[in-house]
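Shown below: model-v3.txt, with compact mmCIF, C-alpha atoms.
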# COMPACT_ATOMS: atom_id res chain seq x y z
CA MET A 1036 3.26 4.35 33.10
CA THR A 1037 5.91 7.06 32.90
CA CYS A 1038 6.04 9.80 30.30
CA ASP A 1039 9.23 8.27 28.85
CA GLU A 1040 7.45 4.98 28.21
CA ALA A 1041 4.39 6.73 26.87
CA GLU A 1042 6.50 8.83 24.52
CA ILE A 1043 7.58 5.71 22.60
CA LEU A 1044 4.30 3.88 22.90
CA LEU A 1045 2.13 6.71 21.68
CA HIS A 1046 3.66 6.22 18.24
CA ALA A 1047 2.63 2.60 18.29
CA LEU A 1048 -0.82 3.78 19.32
CA ILE A 1049 -1.00 6.14 16.31
CA ASP A 1050 0.13 3.31 14.04
CA GLY A 1051 -2.42 0.87 15.43
CA GLU A 1052 0.38 -1.48 16.52
CA LEU A 1053 -0.56 -1.82 20.20
CA ASP A 1054 -2.58 -4.69 21.57
CA ALA A 1055 -5.72 -3.78 23.48
CA GLY A 1056 -4.04 -4.02 26.91
CA HIS A 1057 -1.16 -1.70 26.09
CA ALA A 1058 -3.43 0.67 24.21
CA ARG A 1059 -5.59 1.00 27.34
CA GLU A 1060 -2.51 1.70 29.46
CA VAL A 1061 -1.25 4.43 27.14
CA GLU A 1062 -4.71 5.95 26.91
CA ALA A 1063 -5.02 5.91 30.69
CA HIS A 1064 -1.70 7.73 31.01
CA ILE A 1065 -2.66 10.27 28.36
CA ALA A 1066 -5.97 10.95 30.09
CA THR A 1067 -4.05 12.16 33.15
CA CYS A 1068 -1.04 13.77 31.45
CA PRO A 1069 -1.67 16.91 29.38
CA ALA A 1070 1.92 16.94 28.07
CA CYS A 1071 1.66 13.47 26.56
CA ALA A 1072 -1.85 14.16 25.32
CA GLY A 1073 -0.53 17.19 23.50
CA LYS A 1074 2.25 15.16 21.92
CA LEU A 1075 -0.19 12.52 20.79
CA ALA A 1076 -2.35 15.14 19.12
CA ALA A 1077 0.66 16.80 17.53
CA TYR A 1078 2.05 13.56 16.11
CA ARG A 1079 -1.36 12.48 14.92
CA GLN A 1080 -1.65 15.73 13.04
CA MET A 1081 1.79 15.26 11.50
CA SER A 1082 1.00 11.72 10.38
CA ARG A 1083 -2.20 12.96 8.80
CA GLN A 1084 -0.37 15.68 6.89
CA ILE A 1085 2.18 13.18 5.70
CA ALA A 1086 -0.49 10.75 4.61
CA GLU A 1087 -2.21 13.50 2.65
CA ALA A 1088 0.92 14.68 0.87
CA ASP A 1089 2.09 12.64 -2.10
CA LEU A 1090 5.58 11.69 -1.05
CA ARG A 1091 5.95 8.76 -3.42
CA PHE A 1092 7.97 8.68 -6.59
CA THR A 1093 6.94 7.09 -9.86
CA ALA A 1094 9.51 4.95 -11.60
CA PRO A 1095 10.40 6.40 -14.99
CA PRO A 1096 9.04 4.32 -17.89
CA ARG A 1097 12.56 3.63 -19.15
CA LEU A 1098 13.40 1.90 -15.87
CA ARG A 1099 10.47 -0.48 -16.32
CA LEU A 1100 11.56 -1.14 -19.86
CA ARG A 1101 15.15 -1.75 -18.74
CA ILE A 1102 13.98 -4.29 -16.19
CA GLU A 1103 11.59 -5.92 -18.64
CA ALA A 1104 14.39 -6.15 -21.17
CA ALA A 1105 16.69 -7.79 -18.62
CA LEU A 1106 14.16 -10.50 -17.82
CA PRO A 1107 14.38 -13.71 -19.85
CA GLN A 1108 12.06 -13.58 -22.82
CA PRO A 1109 10.03 -16.55 -24.00
CA GLN A 1110 11.68 -17.94 -27.13
CA ILE A 1111 10.29 -21.34 -27.80
CA GLN A 1112 6.58 -21.49 -28.66
CA ALA A 1113 7.31 -19.85 -32.01
CA PRO A 1114 6.95 -16.07 -31.96
CA SER A 1115 9.11 -13.89 -29.75
CA ARG A 1116 7.31 -11.35 -27.65
CA ARG A 1117 8.22 -8.62 -30.04
CA ALA A 1118 7.03 -10.65 -33.04
CA VAL A 1119 3.80 -11.32 -31.19
CA LEU A 1120 3.37 -7.62 -30.70
CA ARG A 1121 3.91 -6.96 -34.37
CA GLY A 1122 1.45 -9.67 -35.20
CA PHE A 1123 -0.92 -8.11 -32.74
CA ALA A 1124 -0.56 -4.69 -34.30
CA MET A 1125 -1.22 -6.34 -37.63
CA GLY A 1126 -4.10 -8.30 -36.25
CA SER A 1127 -6.96 -6.49 -37.86
CA ALA A 1128 -5.09 -6.41 -41.15
CA VAL A 1129 -4.80 -10.16 -40.92
CA SER A 1130 -8.48 -10.60 -40.33
CA ALA A 1131 -9.28 -8.15 -43.10
CA ILE A 1132 -7.45 -10.39 -45.51
CA ALA A 1133 -9.79 -13.19 -44.68
CA ALA A 1134 -8.07 -15.98 -46.58
CA THR A 1135 -4.65 -15.86 -45.00
CA GLY A 1136 -4.78 -19.52 -44.09
CA LEU A 1137 -5.22 -21.62 -41.03
CA VAL A 1138 -1.76 -21.10 -39.49
CA ALA A 1139 -2.05 -17.34 -39.35
CA ILE A 1140 -5.51 -17.56 -37.89
CA VAL A 1141 -4.44 -20.00 -35.18
CA LEU A 1142 -1.49 -17.79 -34.31
CA ARG A 1143 -3.72 -14.78 -34.20
CA SER A 1144 -6.20 -16.23 -31.78
CA ASP A 1145 -3.25 -17.35 -29.66
CA ASP A 1146 -1.93 -13.80 -29.66
CA GLU A 1147 -5.34 -12.45 -28.88
CA ALA A 1148 -5.63 -14.65 -25.81
CA ARG A 1149 -2.21 -13.53 -24.65
CA ILE A 1150 -2.99 -9.88 -25.19
CA LYS A 1151 -6.35 -10.27 -23.46
CA SER A 1152 -4.68 -11.79 -20.44
CA GLU A 1153 -2.09 -9.00 -20.35
CA ILE A 1154 -4.78 -6.36 -20.70
CA VAL A 1155 -6.67 -7.87 -17.76
CA SER A 1156 -3.43 -8.07 -15.73
CA ALA A 1157 -2.77 -4.41 -16.47
CA HIS A 1158 -6.32 -3.61 -15.36
CA LEU A 1159 -5.83 -5.57 -12.13
CA ARG A 1160 -2.50 -3.87 -11.42
CA SER A 1161 -4.15 -0.49 -11.92
CA LEU A 1162 -6.68 -1.25 -9.21
CA GLN A 1163 -3.97 -1.57 -6.57
CA ALA A 1164 -3.65 1.52 -4.43
CA GLY A 1165 -1.62 4.23 -6.05
CA HIS A 1166 -1.42 2.59 -9.46
CA LEU A 1167 -4.58 3.82 -11.11
CA THR A 1168 -3.39 7.05 -12.67
CA ASP A 1169 -0.10 8.76 -13.45
CA VAL A 1170 -1.90 11.97 -14.29
CA LEU A 1171 -4.97 12.64 -12.22
CA SER A 1172 -7.36 15.02 -13.88
CA THR A 1173 -10.94 15.23 -14.98
CA ASP A 1174 -9.88 17.69 -17.68
CA GLN A 1175 -9.25 16.13 -21.07
CA HIS A 1176 -7.00 19.07 -21.95
CA THR A 1177 -4.70 18.10 -19.09
CA VAL A 1178 -4.71 14.36 -19.69
CA LYS A 1179 -4.19 14.43 -23.45
CA PRO A 1180 -0.98 16.52 -23.51
CA TRP A 1181 0.39 14.41 -20.68
CA PHE A 1182 0.76 11.50 -23.11
CA ASN A 1183 2.86 13.61 -25.50
CA GLY A 1184 6.32 12.15 -25.92
CA LYS A 1185 5.48 9.12 -23.79
CA LEU A 1186 3.84 7.13 -26.57
CA ASP A 1187 4.12 6.76 -30.30
CA VAL A 1188 0.42 7.50 -30.61
CA ALA A 1189 -1.80 10.31 -29.39
CA PRO A 1190 -4.70 8.56 -27.68
CA PRO A 1191 -7.97 10.44 -27.95
CA VAL A 1192 -8.87 11.62 -24.44
CA ILE A 1193 -12.53 12.43 -24.25
CA ASP A 1194 -14.47 13.67 -21.30
CA LEU A 1195 -17.65 11.62 -20.99
CA THR A 1196 -18.78 13.02 -17.64
CA ALA A 1197 -21.98 14.37 -19.19
CA GLN A 1198 -22.67 10.88 -20.55
CA GLY A 1199 -22.26 9.31 -17.12
CA PHE A 1200 -18.63 8.17 -17.35
CA THR A 1201 -16.26 10.38 -15.39
CA LEU A 1202 -12.77 10.90 -16.76
CA ILE A 1203 -10.36 10.50 -13.85
CA GLY A 1204 -6.97 10.51 -15.53
CA GLY A 1205 -4.39 8.76 -17.63
CA ARG A 1206 -1.65 6.25 -17.09
CA LEU A 1207 1.25 4.74 -18.92
CA ASP A 1208 0.97 0.98 -18.82
CA TYR A 1209 2.83 -1.95 -20.29
CA VAL A 1210 1.43 -4.71 -22.40
CA ASP A 1211 3.84 -7.15 -23.94
CA ALA A 1212 6.80 -5.09 -22.72
CA ARG A 1213 5.56 -2.12 -24.65
CA ALA A 1214 4.30 1.21 -23.42
CA ILE A 1215 0.59 1.61 -23.93
CA GLY A 1216 -1.73 4.47 -23.05
CA ALA A 1217 -4.51 3.90 -20.57
CA ILE A 1218 -7.30 6.40 -20.10
CA VAL A 1219 -9.16 5.88 -16.86
CA TYR A 1220 -12.87 6.43 -16.36
CA ARG A 1221 -15.20 5.77 -13.51
CA ARG A 1222 -18.85 4.77 -13.50
CA ARG A 1223 -20.22 4.76 -9.97
CA LEU A 1224 -17.66 2.56 -8.17
CA HIS A 1225 -16.48 0.78 -11.29
CA VAL A 1226 -13.20 1.65 -12.94
CA ILE A 1227 -12.90 1.45 -16.69
CA ASN A 1228 -9.44 1.28 -18.23
CA LEU A 1229 -9.41 2.21 -21.88
CA PHE A 1230 -6.17 0.95 -23.44
CA VAL A 1231 -5.08 2.44 -26.73
CA THR A 1232 -2.33 1.33 -29.06
CA GLN A 1233 -1.35 1.76 -32.67
CA THR A 1234 -2.34 -0.71 -35.34
CA ALA A 1235 -0.91 -1.12 -38.79
CA SER A 1236 -4.36 -1.30 -40.28
CA THR A 1237 -6.58 1.68 -40.93
CA GLU A 1238 -9.54 -0.63 -41.46
CA PRO A 1239 -12.12 -0.05 -38.70
CA ARG A 1240 -13.14 -3.14 -36.77
CA ALA A 1241 -16.54 -3.31 -35.09
CA ALA A 1242 -16.62 -3.59 -31.32
CA LYS A 1243 -17.07 -6.98 -29.70
CA THR A 1244 -17.34 -7.92 -26.05
CA GLU A 1245 -15.55 -10.86 -24.49
CA THR A 1246 -15.21 -12.03 -20.94
CA PHE A 1247 -11.88 -12.93 -19.40
CA GLN A 1248 -11.30 -13.80 -15.73
CA GLY A 1249 -14.62 -12.22 -14.87
CA PHE A 1250 -13.89 -8.93 -16.59
CA ASN A 1251 -15.61 -7.64 -19.66
CA ILE A 1252 -13.32 -6.55 -22.46
CA ARG A 1253 -14.71 -4.61 -25.37
CA SER A 1254 -12.31 -4.14 -28.24
CA TRP A 1255 -12.48 -2.34 -31.53
CA SER A 1256 -10.33 -0.51 -34.05
CA GLU A 1257 -10.84 2.92 -35.43
CA GLY A 1258 -8.63 5.43 -37.20
CA GLY A 1259 -5.45 3.36 -36.97
CA LEU A 1260 -5.83 2.69 -33.25
CA ASN A 1261 -6.74 -0.48 -31.38
CA TYR A 1262 -8.91 0.00 -28.31
CA TRP A 1263 -9.65 -2.25 -25.36
CA ALA A 1264 -12.08 -1.13 -22.69
CA VAL A 1265 -11.78 -3.29 -19.57
CA SER A 1266 -14.03 -3.18 -16.53
CA ASP A 1267 -16.08 -5.16 -14.10
CA LEU A 1268 -19.06 -3.20 -15.38
CA ALA A 1269 -21.88 -5.24 -16.88
CA ALA A 1270 -21.47 -5.93 -20.58
CA ASP A 1271 -24.35 -3.67 -21.61
CA GLU A 1272 -22.98 -0.71 -19.66
CA LEU A 1273 -19.53 -1.26 -21.09
CA ALA A 1274 -21.09 -1.31 -24.56
CA GLU A 1275 -22.83 1.94 -23.70
CA PHE A 1276 -19.47 3.39 -22.73
CA THR A 1277 -17.77 2.37 -25.96
CA ASP A 1278 -20.72 3.62 -28.05
CA LYS A 1279 -20.63 7.00 -26.36
CA PHE A 1280 -16.87 7.15 -26.65
CA GLY A 1281 -17.14 6.35 -30.36
CA ILE A 1282 -19.76 9.04 -30.98
CA ALA A 1283 -17.81 11.66 -29.00
CA ALA A 1284 -14.54 10.69 -30.72
CA LYS A 1285 -16.14 11.11 -34.15
CA SER A 1286 -17.65 14.48 -33.31
CA SER A 1287 -14.44 15.76 -31.75
CA ALA A 1288 -12.47 14.59 -34.81
CA ALA A 1289 -14.99 16.33 -37.07
CA GLY A 1290 -15.04 19.50 -34.97
CA MET B 1413 11.82 -32.79 -15.12
CA PRO B 1414 14.69 -30.33 -14.78
CA VAL B 1415 15.23 -29.59 -11.13
CA ASN B 1416 17.30 -26.58 -11.89
CA ALA B 1417 15.39 -24.75 -14.56
CA ALA B 1418 17.83 -21.91 -15.00
CA ASN B 1419 17.12 -18.22 -14.94
CA ASP B 1420 16.11 -18.19 -18.54
CA ASP B 1421 12.97 -20.15 -17.79
CA PRO B 1422 10.31 -18.00 -19.44
CA ASP B 1423 7.54 -19.28 -17.23
CA LYS B 1424 9.46 -18.31 -14.13
CA ALA B 1425 10.17 -14.90 -15.63
CA ARG B 1426 6.48 -14.47 -16.28
CA ARG B 1427 5.48 -15.43 -12.74
CA PHE B 1428 8.16 -13.14 -11.40
CA ARG B 1429 7.00 -10.29 -13.59
CA ASP B 1430 3.41 -10.67 -12.40
CA ALA B 1431 4.40 -10.95 -8.74
CA ALA B 1432 7.14 -8.35 -8.47
CA LEU B 1433 6.72 -5.67 -11.12
CA PRO B 1434 3.55 -4.17 -9.60
CA TYR B 1435 5.83 -3.00 -6.75
CA LEU B 1436 8.21 -1.15 -9.05
CA ASP B 1437 7.04 2.29 -7.91
CA ASP B 1438 7.28 1.27 -4.24
CA VAL B 1439 10.82 -0.02 -4.66
CA TYR B 1440 11.80 3.01 -6.70
CA THR B 1441 10.36 5.34 -4.04
CA LEU B 1442 12.38 3.65 -1.31
CA ALA B 1443 15.52 3.83 -3.47
CA ARG B 1444 15.00 7.55 -4.05
CA TYR B 1445 14.89 8.15 -0.31
CA LEU B 1446 17.80 5.87 0.52
CA LEU B 1447 20.10 7.07 -2.27
CA ARG B 1448 18.68 10.54 -3.03
CA ASP B 1449 20.15 10.53 -6.52
CA ALA B 1450 17.63 9.57 -9.24
CA ASN B 1451 20.18 7.79 -11.44
CA ASP B 1452 21.64 5.80 -8.56
CA ALA B 1453 18.11 4.90 -7.56
CA GLU B 1454 17.34 3.55 -11.03
CA ASP B 1455 20.47 1.42 -11.08
CA ALA B 1456 19.77 0.10 -7.59
CA VAL B 1457 16.18 -0.79 -8.47
CA GLN B 1458 17.25 -2.65 -11.59
CA GLU B 1459 19.87 -4.56 -9.62
CA CYS B 1460 17.26 -5.29 -6.95
CA PHE B 1461 14.85 -6.85 -9.45
CA LEU B 1462 17.60 -8.92 -11.06
CA ARG B 1463 18.68 -10.26 -7.68
CA ALA B 1464 15.08 -10.91 -6.75
CA LEU B 1465 14.59 -12.91 -9.95
CA LYS B 1466 17.68 -14.95 -9.15
CA HIS B 1467 16.31 -15.85 -5.73
CA PHE B 1468 12.69 -16.11 -6.80
CA ASP B 1469 12.79 -19.94 -6.78
CA SER B 1470 13.58 -19.98 -3.08
CA TYR B 1471 11.21 -17.14 -2.20
CA ARG B 1472 8.71 -18.33 0.44
CA GLY B 1473 7.88 -15.08 2.12
CA PRO B 1474 7.52 -12.53 3.68
CA ALA B 1475 5.07 -10.59 1.51
CA MET B 1476 6.54 -9.56 -1.84
CA LYS B 1477 6.90 -5.86 -0.98
CA PRO B 1478 9.03 -6.22 2.17
CA TRP B 1479 11.01 -8.97 0.48
CA LEU B 1480 11.92 -6.64 -2.39
CA PHE B 1481 12.70 -3.87 0.12
CA ALA B 1482 15.13 -6.11 1.99
CA ILE B 1483 16.92 -6.89 -1.27
CA LEU B 1484 16.97 -3.23 -2.27
CA ARG B 1485 18.41 -2.32 1.10
CA ASN B 1486 21.29 -4.73 0.56
CA VAL B 1487 21.89 -3.28 -2.89
CA CYS B 1488 21.96 0.23 -1.41
CA HIS B 1489 24.41 -0.85 1.28
CA ALA B 1490 26.69 -2.18 -1.44
CA GLU B 1491 26.34 1.14 -3.22
CA TYR B 1492 27.31 2.98 -0.03
CA ALA B 1493 30.31 0.72 0.37
CA ARG B 1494 31.30 1.42 -3.24
CA ARG B 1495 31.33 5.17 -2.69
CA ALA B 1496 32.81 4.84 0.78
CA SER B 1497 35.18 7.68 0.03
CA ALA B 1498 32.34 10.02 -0.87
CA PRO B 1499 31.38 12.43 1.91
CA THR B 1500 27.95 10.89 2.35
CA ALA B 1501 26.80 9.51 5.64
CA ASP B 1502 26.77 5.73 5.70
CA ILE B 1503 23.41 4.20 6.25
CA ASP B 1504 24.24 2.99 9.76
CA ASP B 1505 26.85 5.41 10.94
CA VAL B 1506 24.72 7.51 13.23
CA ALA B 1507 24.84 6.32 16.77
CA GLU B 1508 21.49 5.87 18.40
CA SER B 1509 22.59 6.47 21.96
CA ALA B 1510 20.55 8.95 23.91
CA GLY B 1511 23.67 11.03 24.47
CA GLN B 1512 24.05 11.73 20.77
CA THR B 1513 23.49 15.38 19.96
CA PRO B 1514 20.25 15.60 18.05
CA LEU B 1515 20.45 17.16 14.61
CA TRP B 1516 17.69 19.47 15.56
CA SER B 1517 16.87 20.54 19.02
CA GLU B 1518 13.47 21.81 19.93
CA ALA B 1519 13.56 25.56 20.38
CA PRO B 1520 12.91 26.15 24.08
CA ASP B 1521 10.00 28.48 23.52
CA THR B 1522 8.28 26.12 21.09
CA PRO B 1523 5.40 24.39 22.79
CA GLU B 1524 5.59 20.71 22.02
CA THR B 1525 1.96 20.75 21.08
CA GLN B 1526 2.26 23.53 18.54
CA LEU B 1527 0.52 22.45 15.37
CA LEU B 1528 2.30 22.18 12.09
CA ARG B 1529 1.22 24.29 9.23
CA GLY B 1530 0.62 22.45 5.99
CA ALA B 1531 3.62 22.04 3.75
CA ASP B 1532 3.79 21.01 0.13
CA ALA B 1533 5.04 17.59 -0.88
CA SER B 1534 8.43 18.83 -2.04
CA THR B 1535 9.09 20.52 1.29
CA ILE B 1536 8.13 17.41 3.21
CA ARG B 1537 10.27 15.24 0.93
CA ARG B 1538 13.23 17.51 1.58
CA LEU B 1539 12.68 17.36 5.35
CA VAL B 1540 12.39 13.57 5.22
CA ASN B 1541 15.53 13.33 3.10
CA ALA B 1542 17.40 15.40 5.65
CA LEU B 1543 16.75 12.81 8.37
CA ALA B 1544 19.81 10.81 9.35
CA GLU B 1545 19.95 7.08 8.79
CA PRO B 1546 18.70 4.72 10.12
CA PHE B 1547 15.84 6.99 11.17
CA LYS B 1548 14.95 8.01 7.65
CA GLU B 1549 14.71 4.42 6.46
CA THR B 1550 12.42 3.47 9.35
CA PHE B 1551 10.29 6.54 8.80
CA VAL B 1552 9.90 5.96 5.05
CA LEU B 1553 9.03 2.30 5.51
CA ARG B 1554 6.33 3.22 8.01
CA GLU B 1555 4.85 6.49 6.77
CA ILE B 1556 5.30 6.26 3.03
CA GLN B 1557 5.35 2.50 2.43
CA ASN B 1558 2.85 1.59 5.17
CA LEU B 1559 4.77 -1.41 6.42
CA SER B 1560 3.93 -2.86 9.82
CA TYR B 1561 6.51 -2.68 12.61
CA ARG B 1562 7.17 -6.39 12.19
CA GLU B 1563 7.76 -6.00 8.46
CA ILE B 1564 10.08 -3.05 9.06
CA ALA B 1565 11.98 -5.09 11.64
CA GLY B 1566 12.38 -7.83 9.01
CA VAL B 1567 13.61 -5.45 6.32
CA ALA B 1568 16.06 -3.62 8.59
CA GLU B 1569 17.07 -6.80 10.46
CA VAL B 1570 16.53 -5.28 13.90
CA PRO B 1571 14.14 -6.11 16.76
CA VAL B 1572 10.68 -4.52 16.81
CA GLY B 1573 11.65 -2.47 19.88
CA THR B 1574 14.42 -0.82 17.86
CA VAL B 1575 11.91 0.00 15.13
CA MET B 1576 9.72 1.69 17.73
CA SER B 1577 12.47 3.81 19.21
CA ARG B 1578 13.84 4.76 15.78
CA LEU B 1579 10.40 5.77 14.62
CA ALA B 1580 9.79 7.90 17.71
CA ARG B 1581 13.13 9.59 17.18
CA ALA B 1582 12.53 10.07 13.46
CA ARG B 1583 9.17 11.70 14.03
CA ALA B 1584 10.56 13.97 16.74
CA MET B 1585 13.38 15.09 14.44
CA LEU B 1586 11.04 15.62 11.52
CA ARG B 1587 8.64 17.64 13.64
CA SER B 1588 11.39 19.88 14.96
CA ALA B 1589 12.73 20.47 11.47
CA TRP B 1590 9.23 21.16 10.19
CA LEU B 1591 8.55 23.68 12.96
CA ALA B 1592 11.93 25.31 12.37
CA GLU B 1593 11.04 25.57 8.70
CA GLN B 1594 7.83 27.46 9.33
CA GLU B 1595 9.48 29.80 11.81
CA PRO B 1596 12.93 30.64 10.52
CA PRO B 1597 15.22 31.91 13.28
CA LYS B 1598 15.56 35.67 13.34
Just give me the structure of the file as structure tokens.
Amino acid sequence: MTCDEAEILLHALIDGELDAGHAREVEAHIATCPACAGKLAAYRQMSRQIAEADLRFTAPPRLRLRIEAALPQPQIQAPSRRAVLRGFAMGSAVSAIAATGLVAIVLRSDDEARIKSEIVSAHLRSLQAGHLTDVLSTDQHTVKPWFNGKLDVAPPVIDLTAQGFTLIGGRLDYVDARAIGAIVYRRRLHVINLFVTQTASTEPRAAKTETFQGFNIRSWSEGGLNYWAVSDLAADELAEFTDKFGIAAKSSAAG
Amino acid sequence: MPVNAANDDPDKARRFRDAALPYLDDVYTLARYLLRDANDAEDAVQECFLRALKHFDSYRGPAMKPWLFAILRNVCHAEYARRASAPTADIDDVAESAGQTPLWSEAPDTPETQLLRGADASTIRRLVNALAEPFKETFVLREIQNLSYREIAGVAEVPVGTVMSRLARARAMLRSAWLAEQEPPK
């Protein structure tokens, strides 16, 4: 093999694109050619530096909203997406007024299923490489201000590292074409997404755990906010998380 | 059963949303490198997703990400054609012949094996953006989007061998520029 051939092929070697035969040939050439060996090392180093730098861009939230808005919206099946969202924000109010009638209750459970599925989709999306956090920080005083101006609510960001749940950052997500705050925690290798959105009701709603597509979802309402904690953690550990979050949220609100 | 369930089919929109929207940041990143301007990139990405939705019924592959990239690339080409009078290099107007004068030439006293010092992301982005097309596109698809050579060949509609030579050239240019950056000429 000549140096000219090796010069092109060493890139394919770095990228793992060579079959075993060609890889052996390039490696044999490099073993006897200090110049090409030096180039290989130099380009490997450059690729490593590029891989370590964050060269990606994040699409601005308004772009996602523009695209969402341009997509056809479901219209039949009664409520529009926006109406569903309103109904969803009103959800706990509806259940508080227990005797609202069968229709409202049927609609509500329908909405709940839809929201649950969107929450789980958002959780799944977040697990893809590079989608977990928009702001990466274990410091609640970095994550909380990051949400300012991005949402119509200020989600409580609470560091639970001492309680065994590490805060790893925050993210803007979309549920029902609406921006929603996600606070991301980790427990061992399990990711917990805590989604927070506004609710019209100030009535607290006790936490309950449901399972959807193999994920545990624990939802509750407190202080005018709806919460959904989603994870592949076992239900009892997820309950532990929400309990500790609740206690810490109360004490930080009081302090 | 309607054979031609038009674009306003909500179920199709939902499937499309689930399949394509997770790649929004990837598509936006590519657009930022191809078009440089943030506003142009946003418009191109929106157009890309609308076109993708239109063709979603006939989508059979490749993987979603390279498929979206190929569409975005066409949108960007149209954008280049639109501003043909602007003094911006067209995406394909740099000849690839070996005789072409390289944009950067290796300083003669620079050993080819000299190691690069670390640079921050904004510096590297600027160096990547300064690469001429089609080298930049190939480089971004490989190093930032992690596409395979075959996928890059599909997106750029060139043979795999061309991808390889463009990538080698792109990396050589980037390395020279990077070295020049850390040792400004006296």
Closest pair table for chain A residues within 10 Å of chain B, all atoms listed in the file, as a Markdown table:
| residue | atom | partner | partner_atom | distance |
| --- | --- | --- | --- | --- |
| A:Glu1042 | CA | B:Ala1580 | CA | 7.6 |
| A:Ile1043 | CA | B:Ala1580 | CA | 5.8 |
| A:Leu1044 | CA | B:Met1576 | CA | 7.8 |
| A:Leu1045 | CA | B:Ala1580 | CA | 8.7 |
| A:His1046 | CA | B:Ala1580 | CA | 6.4 |
| A:Ala1047 | CA | B:Met1576 | CA | 7.2 |
| A:Asp1050 | CA | B:Ser1560 | CA | 8.4 |
| A:Gly1051 | CA | B:Ser1560 | CA | 9.3 |
| A:Glu1052 | CA | B:Tyr1561 | CA | 7.4 |
| A:Pro1069 | CA | B:Thr1525 | CA | 9.8 |
| A:Ala1070 | CA | B:Thr1525 | CA | 8.0 |
| A:Cys1071 | CA | B:Thr1525 | CA | 9.1 |
| A:Ala1072 | CA | B:Thr1525 | CA | 8.7 |
| A:Gly1073 | CA | B:Thr1525 | CA | 5.0 |
| A:Lys1074 | CA | B:Thr1525 | CA | 5.7 |
| A:Leu1075 | CA | B:Thr1525 | CA | 8.5 |
| A:Ala1076 | CA | B:Thr1525 | CA | 7.3 |
| A:Ala1077 | CA | B:Thr1525 | CA | 5.5 |
| A:Tyr1078 | CA | B:Arg1583 | CA | 7.6 |
| A:Gln1080 | CA | B:Leu1527 | CA | 7.4 |
| A:Met1081 | CA | B:Leu1528 | CA | 7.0 |
| A:Ser1082 | CA | B:Glu1555 | CA | 7.4 |
| A:Arg1083 | CA | B:Glu1555 | CA | 9.8 |
| A:Gln1084 | CA | B:Gly1530 | CA | 6.9 |
| A:Ile1085 | CA | B:Glu1555 | CA | 7.3 |
| A:Ala1086 | CA | B:Glu1555 | CA | 7.2 |
| A:Glu1087 | CA | B:Ala1533 | CA | 9.0 |
| A:Ala1088 | CA | B:Ala1533 | CA | 5.3 |
| A:Asp1089 | CA | B:Ala1533 | CA | 5.9 |
| A:Leu1090 | CA | B:Ala1533 | CA | 5.9 |
| A:Arg1091 | CA | B:Thr1441 | CA | 5.6 |
| A:Phe1092 | CA | B:Thr1441 | CA | 4.8 |
| A:Thr1093 | CA | B:Asp1437 | CA | 5.2 |
| A:Ala1094 | CA | B:Asp1437 | CA | 5.2 |
| A:Pro1095 | CA | B:Glu1454 | CA | 8.5 |
| A:Arg1097 | CA | B:Glu1454 | CA | 9.4 |
| A:Leu1098 | CA | B:Glu1454 | CA | 6.5 |
| A:Arg1099 | CA | B:Leu1436 | CA | 7.6 |
| A:Arg1101 | CA | B:Gln1458 | CA | 7.5 |
| A:Ile1102 | CA | B:Gln1458 | CA | 5.9 |
| A:Glu1103 | CA | B:Arg1429 | CA | 8.1 |
| A:Ala1105 | CA | B:Leu1462 | CA | 7.7 |
| A:Leu1106 | CA | B:Ala1425 | CA | 6.3 |
| A:Pro1107 | CA | B:Asp1420 | CA | 5.0 |
| A:Gln1108 | CA | B:Pro1422 | CA | 5.8 |
| A:Pro1109 | CA | B:Pro1422 | CA | 4.8 |
| A:Gln1110 | CA | B:Pro1422 | CA | 7.8 |
| A:Ile1111 | CA | B:Pro1422 | CA | 9.0 |
| A:Glu1153 | CA | B:Asp1430 | CA | 9.8 |
| A:Ser1156 | CA | B:Asp1430 | CA | 8.0 |
| A:Ala1157 | CA | B:Pro1434 | CA | 9.3 |
| A:Leu1159 | CA | B:Pro1434 | CA | 9.8 |
| A:Arg1160 | CA | B:Pro1434 | CA | 6.3 |
| A:Ser1161 | CA | B:Pro1434 | CA | 8.8 |
| A:Gln1163 | CA | B:Pro1434 | CA | 8.5 |
| A:Gly1165 | CA | B:Asp1437 | CA | 9.1 |
| A:His1166 | CA | B:Pro1434 | CA | 8.4 |
Tell me which protein, DNA and RNA residues are within 8 Å of stretch 1275-1281 of chain A, counting all atoms listed in the file, leaving out same-chain ones fewer than 6 positions away, and put them as a list in words. Ile1193, Leu1195, Gln1198, Phe1200, Arg1253 and Ala1264 of chain A
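We find atom CA of A:Asp1039 and atom CA of B:Glu1593 to be spaced 26.6 Å apart.
Proximity to A:Arg1240 at 7 Å, evaluated using all atoms listed in the file and with sequence-adjacent residues fewer than 6 positions away removed, yields Trp1255, Ser1256 and Glu1257 of chain A.
Taking atom CA of A:Ile1203 and atom CA of A:Thr1234 as endpoints, the distance between them is 25.5 Å.
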Contacts of B:Ile1483 at 9 Å or less, counting only C-alpha atoms, minus same-chain residues fewer than 5 places along, as a PyMOL selection string? chain B and resi 1460-1461+1463-1464+1478+1488+1567
File of the preceding selection, C-alpha atoms, as a PDB file, in the frame of the given file:
ATOM      1  CA  CYS B1460      17.260  -5.290  -6.950  1.00  0.00           C
ATOM      2  CA  PHE B1461      14.850  -6.850  -9.450  1.00  0.00           C
ATOM      3  CA  ARG B1463      18.680 -10.260  -7.680  1.00  0.00           C
ATOM      4  CA  ALA B1464      15.080 -10.910  -6.750  1.00  0.00           C
ATOM      5  CA  PRO B1478       9.030  -6.220   2.170  1.00  0.00           C
ATOM      6  CA  CYS B1488      21.960   0.230  -1.410  1.00  0.00           C
ATOM      7  CA  VAL B1567      13.610  -5.450   6.320  1.00  0.00           C
TER       8      VAL B1567
END
